[in-house]
>>> print(open('upload-v9.pdb').read())   # PDB, C-alpha atoms and all ligand atoms
ATOM      1  CA  MET A   1     -35.109   9.905 -73.895
ATOM      2  CA  SER A   2     -35.686  12.790 -71.623
ATOM      3  CA  ASN A   3     -38.103  14.566 -69.448
ATOM      4  CA  LEU A   4     -38.949  17.490 -71.731
ATOM      5  CA  ASP A   5     -41.680  18.775 -69.478
ATOM      6  CA  ARG A   6     -41.284  22.562 -69.305
ATOM      7  CA  GLN A   7     -43.263  22.605 -66.075
ATOM      8  CA  ALA A   8     -41.069  19.940 -64.498
ATOM      9  CA  THR A   9     -42.294  19.389 -60.977
ATOM     10  CA  PRO A  10     -40.013  17.989 -58.322
ATOM     11  CA  THR A  11     -40.880  14.589 -56.924
ATOM     12  CA  VAL A  12     -39.709  12.933 -53.760
ATOM     13  CA  CYS A  13     -39.711   9.136 -54.060
ATOM     14  CA  GLY A  14     -38.368   5.993 -52.487
ATOM     15  CA  GLY A  15     -38.495   4.724 -48.946
ATOM     16  CA  ARG A  16     -40.444   1.863 -47.423
ATOM     17  CA  GLY A  17     -43.529   4.018 -46.867
ATOM     18  CA  PHE A  18     -44.595   3.602 -50.488
ATOM     19  CA  VAL A  19     -44.128  -0.121 -50.814
ATOM     20  CA  VAL A  20     -47.090  -2.482 -50.573
ATOM     21  CA  ALA A  21     -45.865  -5.607 -48.742
ATOM     22  CA  GLU A  22     -48.602  -7.936 -50.046
ATOM     23  CA  PRO A  23     -49.747  -8.862 -53.526
ATOM     24  CA  VAL A  24     -52.097  -6.190 -54.897
ATOM     25  CA  ARG A  25     -53.564  -5.347 -58.280
ATOM     26  CA  GLU A  26     -53.448  -1.584 -58.735
ATOM     27  CA  LEU A  27     -54.166  -0.395 -62.264
ATOM     28  CA  LEU A  28     -52.291   2.842 -63.026
ATOM     29  CA  SER A  29     -53.375   5.239 -65.771
ATOM     30  CA  PRO A  30     -50.822   7.164 -67.772
ATOM     31  CA  ARG A  31     -50.351  10.903 -67.840
ATOM     32  CA  ARG A  32     -50.012  12.268 -71.373
ATOM     33  CA  VAL A  33     -46.864  14.348 -71.727
ATOM     34  CA  PRO A  34     -45.677  16.143 -74.881
ATOM     35  CA  LEU A  35     -42.209  15.131 -76.022
ATOM     36  CA  GLY A  36     -40.903  17.748 -78.405
ATOM     37  CA  GLU A  37     -43.311  19.276 -80.856
ATOM     38  CA  SER A  38     -44.863  16.287 -82.547
ATOM     39  CA  THR A  39     -44.693  13.389 -80.128
ATOM     40  CA  GLU A  40     -46.687  12.546 -77.041
ATOM     41  CA  VAL A  41     -45.709   9.940 -74.485
ATOM     42  CA  ARG A  42     -47.660   8.165 -71.777
ATOM     43  CA  ARG A  43     -45.964   8.554 -68.397
ATOM     44  CA  LEU A  44     -46.603   5.672 -65.988
ATOM     45  CA  LEU A  45     -43.940   6.500 -63.395
ATOM     46  CA  PRO A  46     -43.849   8.658 -61.418
ATOM     47  CA  ASN A  47     -47.610   8.376 -61.144
ATOM     48  CA  LEU A  48     -50.062  10.147 -58.885
ATOM     49  CA  GLY A  49     -50.537   7.011 -56.833
ATOM     50  CA  ARG A  50     -47.165   5.344 -57.307
ATOM     51  CA  ARG A  51     -43.670   6.770 -57.588
ATOM     52  CA  MET A  52     -41.278   3.816 -57.848
ATOM     53  CA  VAL A  53     -41.263   0.062 -58.442
ATOM     54  CA  GLY A  54     -38.060  -1.267 -56.898
ATOM     55  CA  ALA A  55     -35.347   1.036 -58.267
ATOM     56  CA  TRP A  56     -37.433   1.800 -61.388
ATOM     57  CA  ALA A  57     -38.198   5.493 -61.051
ATOM     58  CA  PHE A  58     -39.418   6.600 -64.467
ATOM     59  CA  VAL A  59     -41.420   4.861 -67.210
ATOM     60  CA  ASP A  60     -42.610   6.443 -70.468
ATOM     61  CA  HIS A  61     -44.455   4.426 -73.115
ATOM     62  CA  TYR A  62     -44.651   5.870 -76.638
ATOM     63  CA  GLY A  63     -46.233   4.827 -79.930
ATOM     64  CA  PRO A  64     -46.798   2.929 -82.032
ATOM     65  CA  ASP A  65     -46.555   6.137 -84.080
ATOM     66  CA  ASP A  66     -46.466   6.310 -87.867
ATOM     67  CA  ILE A  67     -43.432   8.509 -88.534
ATOM     68  CA  ALA A  68     -43.096   7.880 -92.278
ATOM     69  CA  GLY A  69     -41.839  11.098 -93.891
ATOM     70  CA  GLU A  70     -41.507  12.754 -90.471
ATOM     71  CA  PRO A  71     -38.475  13.425 -88.285
ATOM     72  CA  GLY A  72     -39.773  11.083 -85.568
ATOM     73  CA  MET A  73     -38.021  11.248 -82.219
ATOM     74  CA  GLN A  74     -35.783  14.300 -81.816
ATOM     75  CA  VAL A  75     -34.494  14.698 -78.277
ATOM     76  CA  PRO A  76     -31.625  17.242 -78.168
ATOM     77  CA  PRO A  77     -28.612  16.876 -75.851
ATOM     78  CA  HIS A  78     -29.584  16.921 -72.179
ATOM     79  CA  PRO A  79     -27.927  15.873 -68.918
ATOM     80  CA  HIS A  80     -28.537  13.032 -66.465
ATOM     81  CA  MET A  81     -27.366  12.380 -62.927
ATOM     82  CA  GLY A  82     -27.878   9.552 -60.422
ATOM     83  CA  LEU A  83     -29.615   7.084 -62.728
ATOM     84  CA  GLN A  84     -29.467   4.571 -65.569
ATOM     85  CA  THR A  85     -31.569   5.008 -68.696
ATOM     86  CA  VAL A  86     -32.989   1.955 -70.453
ATOM     87  CA  SER A  87     -34.103   2.302 -74.070
ATOM     88  CA  TRP A  88     -36.421  -0.489 -75.204
ATOM     89  CA  LEU A  89     -38.069  -0.687 -78.607
ATOM     90  CA  HIS A  90     -40.763  -2.852 -80.144
ATOM     91  CA  ASP A  91     -40.650  -1.046 -83.502
ATOM     92  CA  GLY A  92     -38.279   1.396 -85.167
ATOM     93  CA  GLU A  93     -34.839   2.513 -84.127
ATOM     94  CA  VAL A  94     -33.214   5.211 -82.005
ATOM     95  CA  LEU A  95     -29.788   6.730 -82.595
ATOM     96  CA  HIS A  96     -28.023   7.400 -79.294
ATOM     97  CA  ARG A  97     -25.115   9.837 -78.916
ATOM     98  CA  ASP A  98     -23.497  10.749 -75.620
ATOM     99  CA  SER A  99     -20.758  12.876 -74.081
ATOM    100  CA  LEU A 100     -18.489   9.789 -73.855
ATOM    101  CA  GLY A 101     -18.483   9.682 -77.654
ATOM    102  CA  SER A 102     -20.871   6.715 -77.959
ATOM    103  CA  LEU A 103     -22.764   6.533 -81.234
ATOM    104  CA  GLN A 104     -25.182   3.613 -81.295
ATOM    105  CA  THR A 105     -28.342   2.687 -83.131
ATOM    106  CA  VAL A 106     -30.670   0.780 -80.803
ATOM    107  CA  ARG A 107     -33.123  -1.590 -82.514
ATOM    108  CA  PRO A 108     -36.147  -3.584 -81.327
ATOM    109  CA  ARG A 109     -35.412  -5.890 -78.373
ATOM    110  CA  GLU A 110     -31.860  -4.628 -77.986
ATOM    111  CA  LEU A 111     -30.774  -3.050 -74.724
ATOM    112  CA  GLY A 112     -29.463   0.514 -74.746
ATOM    113  CA  LEU A 113     -28.264   1.054 -71.182
ATOM    114  CA  MET A 114     -26.696   4.334 -70.137
ATOM    115  CA  THR A 115     -25.337   4.712 -66.618
ATOM    116  CA  SER A 116     -25.023   8.387 -65.776
ATOM    117  CA  GLY A 117     -23.147   8.091 -62.528
ATOM    118  CA  SER A 118     -22.681  11.689 -61.412
ATOM    119  CA  ALA A 119     -22.845  13.249 -64.881
ATOM    120  CA  ILE A 120     -23.439  12.444 -68.538
ATOM    121  CA  SER A 121     -25.295  14.054 -71.421
ATOM    122  CA  HIS A 122     -26.881  12.434 -74.466
ATOM    123  CA  SER A 123     -29.226  12.919 -77.405
ATOM    124  CA  GLU A 124     -31.698  10.496 -78.970
ATOM    125  CA  GLU A 125     -33.142  10.724 -82.433
ATOM    126  CA  SER A 126     -34.801   8.719 -85.134
ATOM    127  CA  PRO A 127     -32.144   8.174 -87.812
ATOM    128  CA  ARG A 128     -32.751  10.027 -91.083
ATOM    129  CA  GLU A 129     -33.665   6.727 -92.743
ATOM    130  CA  HIS A 130     -36.096   5.079 -90.374
ATOM    131  CA  ALA A 131     -38.830   2.473 -90.195
ATOM    132  CA  ARG A 132     -42.445   3.585 -90.525
ATOM    133  CA  LEU A 133     -43.398   2.706 -86.951
ATOM    134  CA  LEU A 134     -41.835   3.875 -83.711
ATOM    135  CA  HIS A 135     -42.931   2.079 -80.560
ATOM    136  CA  GLY A 136     -41.065   1.716 -77.307
ATOM    137  CA  ALA A 137     -40.462   2.570 -73.702
ATOM    138  CA  GLN A 138     -37.949   4.739 -71.926
ATOM    139  CA  LEU A 139     -37.170   3.802 -68.348
ATOM    140  CA  TRP A 140     -34.903   5.041 -65.585
ATOM    141  CA  VAL A 141     -33.371   3.087 -62.745
ATOM    142  CA  ALA A 142     -32.300   5.068 -59.656
ATOM    143  CA  LEU A 143     -28.704   4.404 -58.609
ATOM    144  CA  PRO A 144     -28.189   3.603 -54.926
ATOM    145  CA  ASP A 145     -26.094   6.020 -52.884
ATOM    146  CA  THR A 146     -23.134   3.607 -52.996
ATOM    147  CA  HIS A 147     -22.915   3.875 -56.805
ATOM    148  CA  ARG A 148     -24.492   7.145 -57.841
ATOM    149  CA  HIS A 149     -21.144   8.937 -58.153
ATOM    150  CA  ILE A 150     -19.437   6.359 -60.390
ATOM    151  CA  GLU A 151     -17.979   7.133 -63.812
ATOM    152  CA  PRO A 152     -20.608   7.198 -66.563
ATOM    153  CA  HIS A 153     -20.728   4.402 -69.127
ATOM    154  CA  PHE A 154     -22.880   3.160 -72.007
ATOM    155  CA  GLN A 155     -23.684  -0.445 -72.894
ATOM    156  CA  HIS A 156     -25.434  -1.907 -75.897
ATOM    157  CA  HIS A 157     -26.525  -5.555 -75.825
ATOM    158  CA  ALA A 158     -28.147  -6.934 -78.962
ATOM    159  CA  ASP A 159     -28.266 -10.524 -77.789
ATOM    160  CA  LEU A 160     -30.243 -10.924 -74.580
ATOM    161  CA  PRO A 161     -31.154 -14.220 -72.893
ATOM    162  CA  ALA A 162     -34.761 -15.410 -73.016
ATOM    163  CA  VAL A 163     -37.010 -17.780 -71.119
ATOM    164  CA  THR A 164     -39.699 -19.540 -73.133
ATOM    165  CA  GLY A 165     -42.907 -21.204 -72.005
ATOM    166  CA  SER A 166     -46.261 -22.102 -73.540
ATOM    167  CA  GLY A 167     -46.972 -19.141 -75.785
ATOM    168  CA  LEU A 168     -44.570 -16.930 -73.823
ATOM    169  CA  THR A 169     -41.128 -15.543 -74.585
ATOM    170  CA  ALA A 170     -39.565 -13.519 -71.777
ATOM    171  CA  THR A 171     -36.459 -11.590 -72.815
ATOM    172  CA  VAL A 172     -34.364 -10.582 -69.833
ATOM    173  CA  ILE A 173     -33.447  -6.902 -70.173
ATOM    174  CA  LEU A 174     -31.884  -6.404 -66.741
ATOM    175  CA  GLY A 175     -31.375  -8.730 -63.801
ATOM    176  CA  GLU A 176     -32.258 -12.414 -63.685
ATOM    177  CA  LEU A 177     -35.432 -14.341 -64.471
ATOM    178  CA  ASP A 178     -35.820 -18.100 -64.058
ATOM    179  CA  GLY A 179     -32.059 -18.634 -64.322
ATOM    180  CA  ALA A 180     -31.526 -16.377 -67.336
ATOM    181  CA  LEU A 181     -29.236 -13.430 -66.586
ATOM    182  CA  SER A 182     -28.974 -10.195 -68.566
ATOM    183  CA  PRO A 183     -25.453  -8.951 -69.381
ATOM    184  CA  GLY A 184     -26.559  -5.396 -68.491
ATOM    185  CA  THR A 185     -24.861  -3.978 -65.392
ATOM    186  CA  THR A 186     -27.136  -3.306 -62.422
ATOM    187  CA  TYR A 187     -26.414  -1.685 -59.066
ATOM    188  CA  SER A 188     -29.323  -2.975 -56.982
ATOM    189  CA  PRO A 189     -31.356  -6.212 -57.132
ATOM    190  CA  LEU A 190     -33.893  -5.653 -59.907
ATOM    191  CA  LEU A 191     -35.556  -7.154 -62.953
ATOM    192  CA  GLY A 192     -36.678  -5.871 -66.323
ATOM    193  CA  ALA A 193     -38.137  -8.349 -68.813
ATOM    194  CA  ASP A 194     -39.969  -8.088 -72.115
ATOM    195  CA  LEU A 195     -42.893 -10.519 -72.359
ATOM    196  CA  THR A 196     -44.210 -11.607 -75.739
ATOM    197  CA  LEU A 197     -47.416 -13.640 -75.563
ATOM    198  CA  THR A 198     -49.089 -15.345 -78.499
ATOM    199  CA  ALA A 199     -52.888 -15.381 -78.884
ATOM    200  CA  GLY A 200     -54.396 -17.914 -76.490
ATOM    201  CA  ALA A 201     -51.293 -18.142 -74.318
ATOM    202  CA  LYS A 202     -51.689 -19.159 -70.707
ATOM    203  CA  ALA A 203     -48.417 -19.065 -68.834
ATOM    204  CA  GLY A 204     -46.754 -18.307 -65.528
ATOM    205  CA  LEU A 205     -43.463 -16.751 -64.523
ATOM    206  CA  PRO A 206     -41.560 -17.333 -61.271
ATOM    207  CA  LEU A 207     -41.236 -14.199 -59.131
ATOM    208  CA  ASP A 208     -39.148 -13.274 -56.091
ATOM    209  CA  PRO A 209     -41.457 -12.680 -53.091
ATOM    210  CA  ASP A 210     -39.040 -10.027 -51.758
ATOM    211  CA  PHE A 211     -39.337  -7.967 -54.951
ATOM    212  CA  GLU A 212     -41.934  -5.341 -55.737
ATOM    213  CA  TYR A 213     -43.386  -5.728 -59.274
ATOM    214  CA  ALA A 214     -45.419  -4.000 -61.962
ATOM    215  CA  VAL A 215     -46.345  -4.844 -65.554
ATOM    216  CA  LEU A 216     -46.439  -2.277 -68.359
ATOM    217  CA  ALA A 217     -48.823  -3.199 -71.185
ATOM    218  CA  MET A 218     -47.461  -2.234 -74.609
ATOM    219  CA  SER A 219     -49.636  -4.017 -77.169
ATOM    220  CA  GLY A 220     -52.476  -6.509 -77.613
ATOM    221  CA  GLU A 221     -54.988  -7.840 -75.111
ATOM    222  CA  ALA A 222     -53.538  -9.580 -72.109
ATOM    223  CA  GLU A 223     -54.556 -10.468 -68.574
ATOM    224  CA  VAL A 224     -52.077 -10.173 -65.722
ATOM    225  CA  ASP A 225     -53.143 -12.043 -62.587
ATOM    226  CA  GLY A 226     -56.688 -11.956 -63.952
ATOM    227  CA  VAL A 227     -56.709  -8.204 -64.642
ATOM    228  CA  PRO A 228     -57.150  -7.108 -68.279
ATOM    229  CA  VAL A 229     -54.431  -4.583 -69.123
ATOM    230  CA  LEU A 230     -54.748  -2.207 -72.058
ATOM    231  CA  PRO A 231     -51.711  -0.883 -73.928
ATOM    232  CA  GLY A 232     -50.364   2.223 -72.211
ATOM    233  CA  SER A 233     -51.450   1.174 -68.729
ATOM    234  CA  MET A 234     -49.481  -0.335 -65.877
ATOM    235  CA  LEU A 235     -50.551  -2.838 -63.251
ATOM    236  CA  TYR A 236     -48.788  -2.495 -59.894
ATOM    237  CA  LEU A 237     -48.507  -5.877 -58.187
ATOM    238  CA  GLY A 238     -46.937  -5.164 -54.780
ATOM    239  CA  CYS A 239     -44.624  -7.709 -53.104
ATOM    240  CA  GLY A 240     -45.005 -11.237 -51.743
ATOM    241  CA  ARG A 241     -45.590 -13.099 -55.002
ATOM    242  CA  SER A 242     -43.847 -16.257 -56.135
ATOM    243  CA  GLU A 243     -45.661 -16.589 -59.452
ATOM    244  CA  LEU A 244     -47.216 -14.327 -62.062
ATOM    245  CA  PRO A 245     -50.166 -15.758 -64.033
ATOM    246  CA  LEU A 246     -50.458 -14.430 -67.593
ATOM    247  CA  ARG A 247     -53.036 -14.904 -70.349
ATOM    248  CA  ALA A 248     -53.426 -13.389 -73.780
ATOM    249  CA  GLU A 249     -56.515 -13.057 -75.979
ATOM    250  CA  THR A 250     -54.466 -11.741 -78.883
ATOM    251  CA  ASP A 251     -50.738 -11.511 -79.499
ATOM    252  CA  ALA A 252     -49.563  -9.177 -76.774
ATOM    253  CA  GLY A 253     -46.444  -7.372 -75.582
ATOM    254  CA  LEU A 254     -45.732  -6.495 -71.933
ATOM    255  CA  MET A 255     -42.830  -5.408 -69.788
ATOM    256  CA  LEU A 256     -42.310  -6.876 -66.342
ATOM    257  CA  LEU A 257     -40.509  -4.520 -63.956
ATOM    258  CA  GLY A 258     -39.438  -5.420 -60.460
ATOM    259  CA  GLY A 259     -36.850  -5.061 -57.782
ATOM    260  CA  GLU A 260     -36.063  -4.943 -54.123
ATOM    261  CA  PRO A 261     -37.995  -2.002 -52.642
ATOM    262  CA  PHE A 262     -35.771   1.066 -52.933
ATOM    263  CA  GLU A 263     -35.146   2.079 -49.318
ATOM    264  CA  GLU A 264     -33.413   5.392 -49.958
ATOM    265  CA  GLU A 265     -35.461   8.507 -50.420
ATOM    266  CA  ILE A 266     -34.540  10.378 -53.542
ATOM    267  CA  VAL A 267     -35.278  13.768 -55.015
ATOM    268  CA  MET A 268     -36.135  13.675 -58.689
ATOM    269  CA  TRP A 269     -36.404  16.757 -60.874
ATOM    270  CA  TRP A 270     -36.203  17.116 -64.656
ATOM    271  CA  ASN A 271     -33.471  14.661 -65.714
ATOM    272  CA  PHE A 272     -31.722  14.467 -62.364
ATOM    273  CA  ILE A 273     -31.956  12.167 -59.371
ATOM    274  CA  GLY A 274     -30.297  13.416 -56.207
ATOM    275  CA  ARG A 275     -30.717  13.353 -52.463
ATOM    276  CA  SER A 276     -31.216  17.048 -51.713
ATOM    277  CA  HIS A 277     -32.498  20.285 -53.181
ATOM    278  CA  GLU A 278     -28.981  21.728 -53.161
ATOM    279  CA  GLU A 279     -27.661  18.862 -55.253
ATOM    280  CA  ILE A 280     -30.386  19.340 -57.861
ATOM    281  CA  GLU A 281     -29.793  23.084 -57.892
ATOM    282  CA  GLU A 282     -26.063  22.540 -58.372
ATOM    283  CA  ALA A 283     -26.647  20.117 -61.280
ATOM    284  CA  ARG A 284     -29.007  22.574 -62.951
ATOM    285  CA  ARG A 285     -26.470  25.363 -62.522
ATOM    286  CA  ALA A 286     -23.656  23.231 -63.979
ATOM    287  CA  TRP A 287     -25.703  22.231 -67.048
ATOM    288  CA  THR A 288     -26.761  25.837 -67.637
ATOM    289  CA  ALA A 289     -23.109  26.956 -67.362
ATOM    290  CA  GLY A 290     -22.004  24.246 -69.815
ATOM    291  CA  SER A 291     -19.805  22.461 -67.302
ATOM    292  CA  ARG A 292     -19.603  18.980 -65.740
ATOM    293  CA  PHE A 293     -21.920  17.096 -68.137
ATOM    294  CA  GLY A 294     -19.617  17.021 -71.159
ATOM    295  CA  GLU A 295     -20.594  17.605 -74.749
ATOM    296  CA  VAL A 296     -22.609  15.571 -77.240
ATOM    297  CA  LYS A 297     -20.993  15.782 -80.665
ATOM    298  CA  GLY A 298     -22.830  15.416 -83.957
ATOM    299  CA  TYR A 299     -26.374  16.301 -82.974
ATOM    300  CA  ASP A 300     -27.889  18.737 -85.452
ATOM    301  CA  GLY A 301     -29.310  21.418 -83.185
ATOM    302  CA  PRO A 302     -28.927  23.157 -79.844
ATOM    303  CA  ALA A 303     -28.924  21.410 -76.486
ATOM    304  CA  LEU A 304     -31.950  21.458 -74.186
ATOM    305  CA  ARG A 305     -32.205  24.266 -71.708
ATOM    306  CA  ALA A 306     -33.078  23.325 -68.149
ATOM    307  CA  PRO A 307     -36.469  24.560 -66.992
ATOM    308  CA  ASP A 308     -36.679  26.894 -64.021
ATOM    309  CA  LEU A 309     -36.468  25.245 -60.652
ATOM    310  CA  PRO A 310     -39.608  25.994 -58.638
ATOM    311  CA  PRO A 311     -39.012  28.169 -55.578
ATOM    312  CA  VAL A 312     -39.794  25.328 -53.213
ATOM    313  CA  THR A 313     -37.126  23.518 -51.264
ATOM    314  CA  LEU A 314     -37.254  19.812 -51.980
ATOM    315  CA  LYS A 315     -36.676  17.578 -49.005
ATOM    316  CA  PRO A 316     -36.816  13.835 -48.987
ATOM    317  CA  ARG A 317     -39.269  12.816 -46.322
ATOM    318  CA  GLY A 318     -41.316   9.873 -45.089
ATOM    319  CA  ARG A 319     -44.698   8.802 -46.390
ATOM    320  CA  VAL A 320     -45.525  11.129 -49.237
ATOM    321  CA  ARG A 321     -48.389  10.579 -51.621
TER     322      ARG A 321
HETATM  323 MN    MN A 401     -32.252  11.132 -71.518
END
>>> encode(input="upload-v9.pdb", output="structure tokens")
Amino acid sequence: MSNLDRQATPTVCGGRGFVVAEPVRELLSPRRVPLGESTEVRRLLPNLGRRMVGAWAFVDHYGPDDIAGEPGMQVPPHPHMGLQTVSWLHDGEVLHRDSLGSLQTVRPRELGLMTSGSAISHSEESPREHARLLHGAQLWVALPDTHRHIEPHFQHHADLPAVTGSGLTATVILGELDGALSPGTTYSPLLGADLTLTAGAKAGLPLDPDFEYAVLAMSGEAEVDGVPVLPGSMLYLGCGRSELPLRAETDAGLMLLGGEPFEEEIVMWWNFIGRSHEEIEEARRAWTAGSRFGEVKGYDGPALRAPDLPPVTLKPRGRVR
């Protein structure tokens, strides 16, 4: 998916200054953002109080929406730079097309992982024939400086490893959890896992004390480290934890996100992650001129136009809140 915000505001993120070294329980509220004409998403990252969790730099939660007889998700071709996009569904399906020629339907609990490297473009849409419900999350992982200029590629993994416990199934989307390793390619130490809890479940998951973590609540009534989390909210957990206690009143669905604190400061604007204002400006110019980002074939409609870049020079800097 994409940042379709017409008033896209630049954000400077990353760096140690943001990271909480100890375990904390910070409940983050979403910002409601329109996506296209009919859909609204809940944006959890970047958030007013929190910009990144490890290398995770962007988290949108959407649905469940009843899209019977409606077009559903329609995100026209748009560019990306300096990041990986993760498409994760609980209900419905998304048809992905990109400038490499990929054409892939992503279904619930399958990983759609697009690595932009320095330039890619893609579109995402509900297929013409689609399920009634659409429910999922769209996430971005910032690429470290060592790998942000690599060639773009797209991966689809339908069969992901899982860890099971009492009333808990943890599907490993990216990284490694309790010995189970996702086949998705990562470029910094991080974890993404889907947690399905059954009503009455009381379980724990092993964590890496060096990682920073957060949990996105997607459905049901669950408690994370004793804090009730409602769907569409995110609980930031800080670092220094070796275990995550989980409980569920009802069947519940969560996403666990974590990673080594992202030390590099990044500049994020619209669908780009860079290191300087000039780089973002250059990417915007290239997309507007129709160069560098390739072409998405087969999407029925025009590509997205980049919003105007605000007349402020973006500089990565130290502690910014
Ligand atoms: Mn996108």
>>> closest_residue(input="upload-v9.pdb", among="A:Pro79, A:Gly136, A:Pro311, A:Pro206", to="ligand MN 401 (chain A)", atoms="only C-alpha atoms and all ligand atoms")
A:Pro79
>>> residues_near_ligand(input="upload-v9.pdb", ligand="ligand MN 401 (chain A)", cutoff="10 Å", atoms="all atoms listed in the file", output="CSV table (one decimal) with C-alpha atoms, keeping the file's coordinate frame")
chain,number,residue,atom,x,y,z
A,1,MET,CA,-35.1,9.9,-73.9
A,2,SER,CA,-35.7,12.8,-71.6
A,3,ASN,CA,-38.1,14.6,-69.4
A,4,LEU,CA,-38.9,17.5,-71.7
A,75,VAL,CA,-34.5,14.7,-78.3
A,76,PRO,CA,-31.6,17.2,-78.2
A,77,PRO,CA,-28.6,16.9,-75.9
A,78,HIS,CA,-29.6,16.9,-72.2
A,79,PRO,CA,-27.9,15.9,-68.9
A,80,HIS,CA,-28.5,13.0,-66.5
A,81,MET,CA,-27.4,12.4,-62.9
A,84,GLN,CA,-29.5,4.6,-65.6
A,85,THR,CA,-31.6,5.0,-68.7
A,86,VAL,CA,-33.0,2.0,-70.5
A,87,SER,CA,-34.1,2.3,-74.1
A,96,HIS,CA,-28.0,7.4,-79.3
A,98,ASP,CA,-23.5,10.7,-75.6
A,114,MET,CA,-26.7,4.3,-70.1
A,116,SER,CA,-25.0,8.4,-65.8
A,120,ILE,CA,-23.4,12.4,-68.5
A,121,SER,CA,-25.3,14.1,-71.4
A,122,HIS,CA,-26.9,12.4,-74.5
A,123,SER,CA,-29.2,12.9,-77.4
A,124,GLU,CA,-31.7,10.5,-79.0
A,138,GLN,CA,-37.9,4.7,-71.9
A,139,LEU,CA,-37.2,3.8,-68.3
A,140,TRP,CA,-34.9,5.0,-65.6
A,270,TRP,CA,-36.2,17.1,-64.7
A,271,ASN,CA,-33.5,14.7,-65.7
A,272,PHE,CA,-31.7,14.5,-62.4
>>> closest_residue(input="upload-v9.pdb", among="A:Ala158, A:Cys239, A:Leu134, A:Ala55", to="Pro189 in chain A", atoms="all atoms listed in the file")
A:Ala55
>>> resolve_selection(input="upload-v9.pdb", expression="the PyMOL selection byres (((chain A and resi 117) around 8) and not hetatm)", output="list in words")
Met81, Gly82, Leu83, Gln84, Thr115, Ser116, Ser118, Ala119, Ile120, Leu143, His147, Arg148, His149, Ile150, Glu151, Pro152 and His153 of chain A
>>> closest_residue(input="upload-v9.pdb", among="A:Ala142, A:Leu254, A:Met52, A:Ala180", to="Glu212 in chain A", atoms="only C-alpha atoms")
A:Met52
>>> resolve_selection(input="upload-v9.pdb", expression="the PyMOL selection byres (((chain A and resi 233) around 9) and not hetatm)", output="PyMOL selection string")
chain A and resi 27-30+42+44+61+215-218+229-232+234-235
>>> closest_residue(input="upload-v9.pdb", among="A:Gly240, A:Gln155, A:Glu263, A:Gly184", to="Leu100 in chain A", atoms="all atoms listed in the file")
A:Gln155
>>> resolve_selection(input="upload-v9.pdb", expression="the PyMOL selection byres (((chain A and resi 22) around 9) and not hetatm)", output="JSON list (two decimals) with C-alpha atoms, in the coordinates of the input")
[["chain", "number", "residue", "atom", "x", "y", "z"],
["A", 20, "VAL", "CA", -47.09, -2.48, -50.57],
["A", 21, "ALA", "CA", -45.86, -5.61, -48.74],
["A", 23, "PRO", "CA", -49.75, -8.86, -53.53],
["A", 24, "VAL", "CA", -52.10, -6.19, -54.90],
["A", 237, "LEU", "CA", -48.51, -5.88, -58.19],
["A", 238, "GLY", "CA", -46.94, -5.16, -54.78],
["A", 239, "CYS", "CA", -44.62, -7.71, -53.10],
["A", 240, "GLY", "CA", -45.00, -11.24, -51.74],
["A", 241, "ARG", "CA", -45.59, -13.10, -55.00]]
>>> closest_residue(input="upload-v9.pdb", among="A:Leu133, A:Leu197, A:Leu191, A:Leu246", to="Asp66 in chain A", atoms="only C-alpha atoms")
A:Leu133
>>> closest_residue(input="upload-v9.pdb", among="A:Ser99, A:Thr39, A:Thr105, A:Gln74", to="Lys297 in chain A", atoms="all atoms listed in the file")
A:Ser99
>>> residues_near_point(input="upload-v9.pdb", point="(-33.8, 7.8, -95.1)", cutoff="12 Å", atoms="all atoms listed in the file", output="JSON, numbers by chain")
{"A": [67, 68, 69, 70, 71, 72, 126, 127, 128, 129, 130, 131, 132]}
>>> residues_near_point(input="upload-v9.pdb", point="(-52.0, -11.2, -76.2)", cutoff="9 Å", atoms="all atoms listed in the file", output="list in words")
Thr196, Leu197, Thr198, Ala199, Gly200, Ala201, Ser219, Gly220, Glu221, Ala222, Glu223, Arg247, Ala248, Glu249, Thr250, Asp251, Ala252, Gly253 and Leu254 of chain A
>>> atom_distance(input="upload-v9.pdb", atom1="CA of Ile273 in chain A", atom2="CA of Glu26 in chain A")
25.5 Å
>>> atom_distance(input="upload-v9.pdb", atom1="CA of Lys202 in chain A", atom2="CA of Ser166 in chain A")
6.8 Å
>>> atom_distance(input="upload-v9.pdb", atom1="CA of Leu45 in chain A", atom2="CA of Val59 in chain A")
4.9 Å
>>> residues_around(input="upload-v9.pdb", residues="Pro245 in chain A", least_positions_apart="4", cutoff="7 Å", atoms="only C-alpha atoms", output="list of chain:residue names")
A:Ala203, A:Gly204, A:Leu205, A:Val224, A:Asp225
